[in-house]
file data38.cif (mmCIF, N, CA and C atoms, pLDDT in the B column; chains and numbers go by the auth columns)
data_entry
#
loop_
_atom_site.group_PDB
_atom_site.id
_atom_site.type_symbol
_atom_site.label_atom_id
_atom_site.label_comp_id
_atom_site.label_asym_id
_atom_site.label_seq_id
_atom_site.Cartn_x
_atom_site.Cartn_y
_atom_site.Cartn_z
_atom_site.B_iso_or_equiv
_atom_site.auth_seq_id
_atom_site.auth_asym_id
ATOM 1 N N LYS A 1 0.828 -1.193 0.000 77.00 141 A
ATOM 2 C CA LYS A 1 0.000 0.000 0.000 77.00 141 A
ATOM 3 C C LYS A 1 0.868 1.250 0.000 77.00 141 A
ATOM 4 N N LYS A 2 1.962 1.228 0.775 81.00 142 A
ATOM 5 C CA LYS A 2 2.829 2.406 0.870 81.00 142 A
ATOM 6 C C LYS A 2 3.473 2.746 -0.471 81.00 142 A
ATOM 7 N N LEU A 3 3.727 1.729 -1.294 81.00 143 A
ATOM 8 C CA LEU A 3 4.341 1.961 -2.596 81.00 143 A
ATOM 9 C C LEU A 3 3.319 2.243 -3.690 81.00 143 A
ATOM 10 N N GLY A 4 2.055 2.037 -3.377 88.00 144 A
ATOM 11 C CA GLY A 4 1.006 2.269 -4.360 88.00 144 A
ATOM 12 C C GLY A 4 0.956 1.183 -5.424 88.00 144 A
ATOM 13 N N LEU A 5 1.377 -0.028 -5.067 88.00 145 A
ATOM 14 C CA LEU A 5 1.382 -1.137 -6.018 88.00 145 A
ATOM 15 C C LEU A 5 0.363 -2.182 -5.609 88.00 145 A
ATOM 16 N N ASP A 6 -0.240 -2.825 -6.613 91.00 146 A
ATOM 17 C CA ASP A 6 -1.183 -3.893 -6.285 91.00 146 A
ATOM 18 C C ASP A 6 -0.399 -5.175 -5.963 91.00 146 A
ATOM 19 N N PRO A 7 -1.034 -6.111 -5.261 88.00 147 A
ATOM 20 C CA PRO A 7 -0.336 -7.329 -4.821 88.00 147 A
ATOM 21 C C PRO A 7 0.325 -8.124 -5.952 88.00 147 A
ATOM 22 N N SER A 8 -0.314 -8.200 -7.112 91.00 148 A
ATOM 23 C CA SER A 8 0.279 -8.981 -8.209 91.00 148 A
ATOM 24 C C SER A 8 1.576 -8.350 -8.710 91.00 148 A
ATOM 25 N N THR A 9 1.623 -7.028 -8.735 92.00 149 A
ATOM 26 C CA THR A 9 2.854 -6.344 -9.142 92.00 149 A
ATOM 27 C C THR A 9 3.953 -6.576 -8.120 92.00 149 A
ATOM 28 N N MET A 10 3.602 -6.486 -6.844 90.00 150 A
ATOM 29 C CA MET A 10 4.591 -6.730 -5.786 90.00 150 A
ATOM 30 C C MET A 10 5.117 -8.157 -5.862 90.00 150 A
ATOM 31 N N THR A 11 4.226 -9.117 -6.038 92.00 151 A
ATOM 32 C CA THR A 11 4.638 -10.516 -6.120 92.00 151 A
ATOM 33 C C THR A 11 5.598 -10.725 -7.279 92.00 151 A
ATOM 34 N N ARG A 12 5.286 -10.153 -8.420 94.00 152 A
ATOM 35 C CA ARG A 12 6.152 -10.270 -9.604 94.00 152 A
ATOM 36 C C ARG A 12 7.514 -9.643 -9.341 94.00 152 A
ATOM 37 N N ASN A 13 7.540 -8.463 -8.730 92.00 153 A
ATOM 38 C CA ASN A 13 8.813 -7.792 -8.446 92.00 153 A
ATOM 39 C C ASN A 13 9.633 -8.556 -7.409 92.00 153 A
ATOM 40 N N ILE A 14 8.969 -9.076 -6.389 93.00 154 A
ATOM 41 C CA ILE A 14 9.675 -9.855 -5.368 93.00 154 A
ATOM 42 C C ILE A 14 10.239 -11.130 -5.981 93.00 154 A
ATOM 43 N N SER A 15 9.500 -11.756 -6.878 95.00 155 A
ATOM 44 C CA SER A 15 9.989 -12.967 -7.547 95.00 155 A
ATOM 45 C C SER A 15 11.263 -12.669 -8.344 95.00 155 A
ATOM 46 N N LYS A 16 11.275 -11.538 -9.014 95.00 156 A
ATOM 47 C CA LYS A 16 12.480 -11.147 -9.774 95.00 156 A
ATOM 48 C C LYS A 16 13.670 -10.943 -8.836 95.00 156 A
ATOM 49 N N LEU A 17 13.423 -10.300 -7.694 95.00 157 A
ATOM 50 C CA LEU A 17 14.501 -10.087 -6.720 95.00 157 A
ATOM 51 C C LEU A 17 14.970 -11.416 -6.119 95.00 157 A
ATOM 52 N N GLU A 18 14.033 -12.340 -5.914 96.00 158 A
ATOM 53 C CA GLU A 18 14.390 -13.667 -5.398 96.00 158 A
ATOM 54 C C GLU A 18 15.293 -14.418 -6.380 96.00 158 A
ATOM 55 N N LYS A 19 14.960 -14.342 -7.659 97.00 159 A
ATOM 56 C CA LYS A 19 15.763 -15.027 -8.682 97.00 159 A
ATOM 57 C C LYS A 19 17.195 -14.498 -8.710 97.00 159 A
ATOM 58 N N LYS A 20 17.360 -13.247 -8.335 96.00 160 A
ATOM 59 C CA LYS A 20 18.703 -12.643 -8.292 96.00 160 A
ATOM 60 C C LYS A 20 19.356 -12.826 -6.927 96.00 160 A
ATOM 61 N N HIS A 21 18.661 -13.533 -6.037 96.00 161 A
ATOM 62 C CA HIS A 21 19.146 -13.821 -4.676 96.00 161 A
ATOM 63 C C HIS A 21 19.372 -12.559 -3.846 96.00 161 A
ATOM 64 N N LEU A 22 18.517 -11.539 -4.071 95.00 162 A
ATOM 65 C CA LEU A 22 18.613 -10.291 -3.326 95.00 162 A
ATOM 66 C C LEU A 22 17.680 -10.273 -2.122 95.00 162 A
ATOM 67 N N VAL A 23 16.619 -11.092 -2.180 96.00 163 A
ATOM 68 C CA VAL A 23 15.665 -11.205 -1.070 96.00 163 A
ATOM 69 C C VAL A 23 15.258 -12.666 -0.904 96.00 163 A
ATOM 70 N N TYR A 24 14.632 -12.959 0.243 96.00 164 A
ATOM 71 C CA TYR A 24 14.025 -14.272 0.450 96.00 164 A
ATOM 72 C C TYR A 24 12.734 -14.083 1.233 96.00 164 A
ATOM 73 N N ARG A 25 11.826 -15.032 1.070 95.00 165 A
ATOM 74 C CA ARG A 25 10.519 -14.964 1.720 95.00 165 A
ATOM 75 C C ARG A 25 10.487 -15.886 2.936 95.00 165 A
ATOM 76 N N GLU A 26 9.694 -15.464 3.909 95.00 166 A
ATOM 77 C CA GLU A 26 9.515 -16.272 5.119 95.00 166 A
ATOM 78 C C GLU A 26 8.057 -16.154 5.553 95.00 166 A
ATOM 79 N N ARG A 27 7.388 -17.283 5.692 94.00 167 A
ATOM 80 C CA ARG A 27 5.973 -17.283 6.084 94.00 167 A
ATOM 81 C C ARG A 27 5.852 -17.017 7.588 94.00 167 A
ATOM 82 N N SER A 28 4.867 -16.222 7.964 94.00 168 A
ATOM 83 C CA SER A 28 4.616 -15.900 9.371 94.00 168 A
ATOM 84 C C SER A 28 4.172 -17.145 10.126 94.00 168 A
ATOM 85 N N GLU A 29 4.672 -17.294 11.329 93.00 169 A
ATOM 86 C CA GLU A 29 4.261 -18.424 12.164 93.00 169 A
ATOM 87 C C GLU A 29 2.863 -18.198 12.741 93.00 169 A
ATOM 88 N N GLU A 30 2.492 -16.938 12.977 94.00 170 A
ATOM 89 C CA GLU A 30 1.177 -16.626 13.548 94.00 170 A
ATOM 90 C C GLU A 30 0.052 -16.690 12.515 94.00 170 A
ATOM 91 N N ASP A 31 0.356 -16.224 11.293 94.00 171 A
ATOM 92 C CA ASP A 31 -0.678 -16.165 10.252 94.00 171 A
ATOM 93 C C ASP A 31 -0.058 -16.645 8.946 94.00 171 A
ATOM 94 N N SER A 32 -0.439 -17.823 8.513 90.00 172 A
ATOM 95 C CA SER A 32 0.183 -18.425 7.322 90.00 172 A
ATOM 96 C C SER A 32 -0.108 -17.643 6.043 90.00 172 A
ATOM 97 N N ARG A 33 -1.085 -16.727 6.087 90.00 173 A
ATOM 98 C CA ARG A 33 -1.372 -15.892 4.909 90.00 173 A
ATOM 99 C C ARG A 33 -0.355 -14.765 4.760 90.00 173 A
ATOM 100 N N THR A 34 0.364 -14.477 5.823 92.00 174 A
ATOM 101 C CA THR A 34 1.339 -13.379 5.825 92.00 174 A
ATOM 102 C C THR A 34 2.714 -13.916 5.468 92.00 174 A
ATOM 103 N N ILE A 35 3.344 -13.227 4.523 91.00 175 A
ATOM 104 C CA ILE A 35 4.691 -13.604 4.100 91.00 175 A
ATOM 105 C C ILE A 35 5.597 -12.394 4.284 91.00 175 A
ATOM 106 N N PHE A 36 6.701 -12.617 4.974 94.00 176 A
ATOM 107 C CA PHE A 36 7.686 -11.554 5.180 94.00 176 A
ATOM 108 C C PHE A 36 8.765 -11.669 4.102 94.00 176 A
ATOM 109 N N VAL A 37 9.212 -10.536 3.619 94.00 177 A
ATOM 110 C CA VAL A 37 10.299 -10.503 2.635 94.00 177 A
ATOM 111 C C VAL A 37 11.499 -9.865 3.314 94.00 177 A
ATOM 112 N N HIS A 38 12.632 -10.550 3.263 95.00 178 A
ATOM 113 C CA HIS A 38 13.854 -10.078 3.906 95.00 178 A
ATOM 114 C C HIS A 38 14.957 -9.915 2.868 95.00 178 A
ATOM 115 N N GLN A 39 15.834 -8.955 3.116 95.00 179 A
ATOM 116 C CA GLN A 39 17.012 -8.799 2.263 95.00 179 A
ATOM 117 C C GLN A 39 17.997 -9.910 2.580 95.00 179 A
ATOM 118 N N SER A 40 18.578 -10.489 1.544 96.00 180 A
ATOM 119 C CA SER A 40 19.648 -11.461 1.736 96.00 180 A
ATOM 120 C C SER A 40 20.950 -10.692 1.945 96.00 180 A
ATOM 121 N N ASN A 41 22.001 -11.403 2.283 96.00 181 A
ATOM 122 C CA ASN A 41 23.311 -10.740 2.415 96.00 181 A
ATOM 123 C C ASN A 41 23.712 -10.092 1.103 96.00 181 A
ATOM 124 N N LYS A 42 23.472 -10.804 -0.004 96.00 182 A
ATOM 125 C CA LYS A 42 23.781 -10.234 -1.325 96.00 182 A
ATOM 126 C C LYS A 42 22.937 -8.977 -1.564 96.00 182 A
ATOM 127 N N GLY A 43 21.674 -9.009 -1.125 94.00 183 A
ATOM 128 C CA GLY A 43 20.793 -7.850 -1.276 94.00 183 A
ATOM 129 C C GLY A 43 21.291 -6.662 -0.479 94.00 183 A
ATOM 130 N N LYS A 44 21.786 -6.920 0.741 94.00 184 A
ATOM 131 C CA LYS A 44 22.324 -5.843 1.576 94.00 184 A
ATOM 132 C C LYS A 44 23.577 -5.244 0.945 94.00 184 A
ATOM 133 N N GLU A 45 24.454 -6.114 0.442 95.00 185 A
ATOM 134 C CA GLU A 45 25.684 -5.631 -0.205 95.00 185 A
ATOM 135 C C GLU A 45 25.352 -4.819 -1.449 95.00 185 A
ATOM 136 N N THR A 46 24.381 -5.286 -2.212 94.00 186 A
ATOM 137 C CA THR A 46 23.970 -4.578 -3.430 94.00 186 A
ATOM 138 C C THR A 46 23.376 -3.214 -3.090 94.00 186 A
ATOM 139 N N ALA A 47 22.554 -3.153 -2.042 92.00 187 A
ATOM 140 C CA ALA A 47 21.951 -1.877 -1.630 92.00 187 A
ATOM 141 C C ALA A 47 23.027 -0.887 -1.192 92.00 187 A
ATOM 142 N N ILE A 48 24.015 -1.365 -0.450 92.00 188 A
ATOM 143 C CA ILE A 48 25.110 -0.492 -0.004 92.00 188 A
ATOM 144 C C ILE A 48 25.882 0.032 -1.205 92.00 188 A
ATOM 145 N N GLN A 49 26.172 -0.847 -2.161 93.00 189 A
ATOM 146 C CA GLN A 49 26.918 -0.426 -3.355 93.00 189 A
ATOM 147 C C GLN A 49 26.112 0.573 -4.180 93.00 189 A
ATOM 148 N N LEU A 50 24.806 0.345 -4.305 90.00 190 A
ATOM 149 C CA LEU A 50 23.950 1.286 -5.037 90.00 190 A
ATOM 150 C C LEU A 50 23.941 2.661 -4.370 90.00 190 A
ATOM 151 N N GLU A 51 23.861 2.675 -3.037 89.00 191 A
ATOM 152 C CA GLU A 51 23.888 3.946 -2.320 89.00 191 A
ATOM 153 C C GLU A 51 25.194 4.683 -2.571 89.00 191 A
ATOM 154 N N LYS A 52 26.306 3.952 -2.561 88.00 192 A
ATOM 155 C CA LYS A 52 27.609 4.572 -2.819 88.00 192 A
ATOM 156 C C LYS A 52 27.671 5.115 -4.244 88.00 192 A
ATOM 157 N N ASP A 53 27.177 4.325 -5.205 87.00 193 A
ATOM 158 C CA ASP A 53 27.194 4.757 -6.608 87.00 193 A
ATOM 159 C C ASP A 53 26.345 6.006 -6.806 87.00 193 A
ATOM 160 N N ILE A 54 25.157 6.006 -6.216 86.00 194 A
ATOM 161 C CA ILE A 54 24.257 7.159 -6.361 86.00 194 A
ATOM 162 C C ILE A 54 24.867 8.382 -5.685 86.00 194 A
ATOM 163 N N GLU A 55 25.429 8.190 -4.499 85.00 195 A
ATOM 164 C CA GLU A 55 26.058 9.302 -3.785 85.00 195 A
ATOM 165 C C GLU A 55 27.207 9.879 -4.613 85.00 195 A
ATOM 166 N N GLY A 56 27.997 9.002 -5.220 81.00 196 A
ATOM 167 C CA GLY A 56 29.106 9.454 -6.068 81.00 196 A
ATOM 168 C C GLY A 56 28.616 10.247 -7.266 81.00 196 A
ATOM 169 N N GLU A 57 27.548 9.756 -7.907 80.00 197 A
ATOM 170 C CA GLU A 57 26.989 10.457 -9.063 80.00 197 A
ATOM 171 C C GLU A 57 26.445 11.826 -8.665 80.00 197 A
ATOM 172 N N LEU A 58 25.745 11.874 -7.534 77.00 198 A
ATOM 173 C CA LEU A 58 25.197 13.154 -7.080 77.00 198 A
ATOM 174 C C LEU A 58 26.310 14.123 -6.731 77.00 198 A
ATOM 175 N N HIS A 59 27.337 13.623 -6.055 77.00 199 A
ATOM 176 C CA HIS A 59 28.476 14.465 -5.689 77.00 199 A
ATOM 177 C C HIS A 59 29.136 15.012 -6.954 77.00 199 A
ATOM 178 N N PHE A 60 29.334 14.149 -7.951 75.00 200 A
ATOM 179 C CA PHE A 60 29.938 14.558 -9.218 75.00 200 A
ATOM 180 C C PHE A 60 29.083 15.620 -9.904 75.00 200 A
ATOM 181 N N SER A 61 27.766 15.390 -9.922 75.00 201 A
ATOM 182 C CA SER A 61 26.841 16.317 -10.561 75.00 201 A
ATOM 183 C C SER A 61 26.849 17.672 -9.860 75.00 201 A
ATOM 184 N N ILE A 62 26.817 17.661 -8.540 75.00 202 A
ATOM 185 C CA ILE A 62 26.818 18.912 -7.774 75.00 202 A
ATOM 186 C C ILE A 62 28.130 19.660 -7.994 75.00 202 A
ATOM 187 N N ASN A 63 29.249 18.950 -7.954 75.00 203 A
ATOM 188 C CA ASN A 63 30.542 19.603 -8.178 75.00 203 A
ATOM 189 C C ASN A 63 30.614 20.196 -9.577 75.00 203 A
ATOM 190 N N ASN A 64 30.095 19.487 -10.569 76.00 204 A
ATOM 191 C CA ASN A 64 30.093 20.014 -11.933 76.00 204 A
ATOM 192 C C ASN A 64 29.243 21.276 -12.030 76.00 204 A
ATOM 193 N N ARG A 65 28.099 21.273 -11.370 78.00 205 A
ATOM 194 C CA ARG A 65 27.233 22.462 -11.413 78.00 205 A
ATOM 195 C C ARG A 65 27.907 23.654 -10.746 78.00 205 A
ATOM 196 N N ILE A 66 28.575 23.406 -9.642 78.00 206 A
ATOM 197 C CA ILE A 66 29.292 24.486 -8.959 78.00 206 A
ATOM 198 C C ILE A 66 30.398 25.019 -9.851 78.00 206 A
ATOM 199 N N GLN A 67 31.131 24.101 -10.483 79.00 207 A
ATOM 200 C CA GLN A 67 32.215 24.508 -11.365 79.00 207 A
ATOM 201 C C GLN A 67 31.672 25.286 -12.566 79.00 207 A
ATOM 202 N N ILE A 68 30.577 24.842 -13.145 80.00 208 A
ATOM 203 C CA ILE A 68 29.962 25.545 -14.272 80.00 208 A
ATOM 204 C C ILE A 68 29.507 26.928 -13.840 80.00 208 A
ATOM 205 N N LYS A 69 28.888 27.016 -12.666 80.00 209 A
ATOM 206 C CA LYS A 69 28.435 28.310 -12.150 80.00 209 A
ATOM 207 C C LYS A 69 29.627 29.259 -11.979 80.00 209 A
ATOM 208 N N ASP A 70 30.720 28.737 -11.414 81.00 210 A
ATOM 209 C CA ASP A 70 31.918 29.556 -11.233 81.00 210 A
ATOM 210 C C ASP A 70 32.480 30.012 -12.575 81.00 210 A
ATOM 211 N N ASN A 71 32.489 29.122 -13.554 79.00 211 A
ATOM 212 C CA ASN A 71 32.990 29.474 -14.885 79.00 211 A
ATOM 213 C C ASN A 71 32.122 30.550 -15.536 79.00 211 A
ATOM 214 N N ILE A 72 30.814 30.418 -15.411 82.00 212 A
ATOM 215 C CA ILE A 72 29.904 31.424 -15.973 82.00 212 A
ATOM 216 C C ILE A 72 30.126 32.761 -15.283 82.00 212 A
ATOM 217 N N HIS A 73 30.316 32.725 -13.972 81.00 213 A
ATOM 218 C CA HIS A 73 30.570 33.951 -13.227 81.00 213 A
ATOM 219 C C HIS A 73 31.863 34.612 -13.721 81.00 213 A
ATOM 220 N N GLN A 74 32.908 33.826 -13.941 82.00 214 A
ATOM 221 C CA GLN A 74 34.182 34.364 -14.426 82.00 214 A
ATOM 222 C C GLN A 74 34.030 34.944 -15.833 82.00 214 A
ATOM 223 N N ILE A 75 33.310 34.247 -16.702 83.00 215 A
ATOM 224 C CA ILE A 75 33.089 34.740 -18.062 83.00 215 A
ATOM 225 C C ILE A 75 32.304 36.044 -18.025 83.00 215 A
ATOM 226 N N SER A 76 31.281 36.076 -17.199 82.00 216 A
ATOM 227 C CA SER A 76 30.479 37.287 -17.061 82.00 216 A
ATOM 228 C C SER A 76 31.330 38.453 -16.573 82.00 216 A
ATOM 229 N N TRP A 77 32.186 38.197 -15.597 78.00 217 A
ATOM 230 C CA TRP A 77 33.068 39.234 -15.063 78.00 217 A
ATOM 231 C C TRP A 77 34.014 39.733 -16.150 78.00 217 A
ATOM 232 N N LEU A 78 34.590 38.805 -16.934 80.00 218 A
ATOM 233 C CA LEU A 78 35.499 39.184 -18.014 80.00 218 A
ATOM 234 C C LEU A 78 34.766 40.003 -19.080 80.00 218 A
ATOM 235 N N LEU A 79 33.552 39.600 -19.445 80.00 219 A
ATOM 236 C CA LEU A 79 32.784 40.343 -20.446 80.00 219 A
ATOM 237 C C LEU A 79 32.456 41.752 -19.976 80.00 219 A
ATOM 238 N N GLU A 80 32.147 41.889 -18.688 77.00 220 A
ATOM 239 C CA GLU A 80 31.897 43.224 -18.138 77.00 220 A
ATOM 240 C C GLU A 80 33.146 44.093 -18.235 77.00 220 A
ATOM 241 N N LYS A 81 34.299 43.499 -17.955 74.00 221 A
ATOM 242 C CA LYS A 81 35.565 44.240 -18.038 74.00 221 A
ATOM 243 C C LYS A 81 35.840 44.671 -19.461 74.00 221 A
ATOM 244 N N VAL A 82 35.625 43.755 -20.410 79.00 222 A
ATOM 245 C CA VAL A 82 35.872 44.065 -21.823 79.00 222 A
ATOM 246 C C VAL A 82 34.921 45.145 -22.291 79.00 222 A
ATOM 247 N N ASN A 83 33.664 45.068 -21.933 76.00 223 A
ATOM 248 C CA ASN A 83 32.672 46.038 -22.364 76.00 223 A
ATOM 249 C C ASN A 83 32.855 47.405 -21.710 76.00 223 A
ATOM 250 N N SER A 84 33.493 47.450 -20.555 73.00 224 A
ATOM 251 C CA SER A 84 33.678 48.724 -19.866 73.00 224 A
ATOM 252 C C SER A 84 34.857 49.513 -20.430 73.00 224 A
ATOM 253 N N LYS A 85 35.676 48.900 -21.262 65.00 225 A
ATOM 254 C CA LYS A 85 36.855 49.608 -21.822 65.00 225 A
ATOM 255 C C LYS A 85 36.517 50.371 -23.063 65.00 225 A
#
call {"tool": "encode", "arguments": {"input": "data38.cif", "output": "structure tokens"}}
result
Amino acid sequence: KKLGLDPSTMTRNISKLEKKHLVYRERSEEDSRTIFVHQSNKGKETAIQLEKDIEGELHFSINNRIQIKDNIHQISWLLEKVNSK
């Protein structure tokens, strides 16, 4: 419900993750209709690596934007100097 997905979509996605050994299912002891999905060790390692990759990409993107902004500022300053002469 939190993801806004219907049960069949969730089941299909979980099955794909299971085939890649990223998660595993465990049936509830109290209610056999309830199935818990847990991250496997491989799933945890993959999630950590994805977070690092995304963080690196964002850091790279932010640094590039800052550098571009600084370059535009320098060009603007130079153009003002040239136009003032």
call {"tool": "select_by_dssp", "arguments": {"input": "data38.cif", "residues": "chain A", "states": "helix (DSSP H, G or I)", "output": "VMD selection string"}}
result
chain A and resid 147 to 159 181 to 224
call {"tool": "select_by_dssp", "arguments": {"input": "data38.cif", "residues": "chain A", "states": "strand (DSSP E)", "output": "MDAnalysis selection string"}}
result
chainID A and resid 163:167 175:179
call {"tool": "atom_distance", "arguments": {"input": "data38.cif", "atom1": "atom CA of Gln214 of chain A", "atom2": "atom C of Gly196 of chain A"}}
result
25.8 Å
call {"tool": "atom_distance", "arguments": {"input": "data38.cif", "atom1": "atom CA of Ala187 of chain A", "atom2": "atom C of His161 of chain A"}}
result
11.2 Å
call {"tool": "axis_aligned_box", "arguments": {"input": "data38.cif", "around": "segment 182-191 of chain A", "padding_each_side": "6 Å", "output": "JSON"}}
result
{"center_x": 23.9, "center_y": -3.1, "center_z": -1.7, "size_x": 18.1, "size_y": 27.5, "size_z": 18.6}
call {"tool": "atom_distance", "arguments": {"input": "data38.cif", "atom1": "atom N of Thr151 of chain A", "atom2": "atom N of Ile194 of chain A"}}
result
25.8 Å
call {"tool": "residues_around", "arguments": {"input": "data38.cif", "residues": "Gly183 of chain A", "least_positions_apart": "6", "cutoff": "9 Å", "atoms": "only C-alpha atoms", "output": "JSON, numbers by chain"}}
result
{"A": [157, 160, 161, 162, 163]}
call {"tool": "resolve_selection", "arguments": {"input": "data38.cif", "expression": "the PyMOL selection byres (((chain A and resi 166 and name CA) around 6) and name CA)", "output": "list in words"}}
result
Arg165, Arg167, Ile175 and Phe176 of chain A
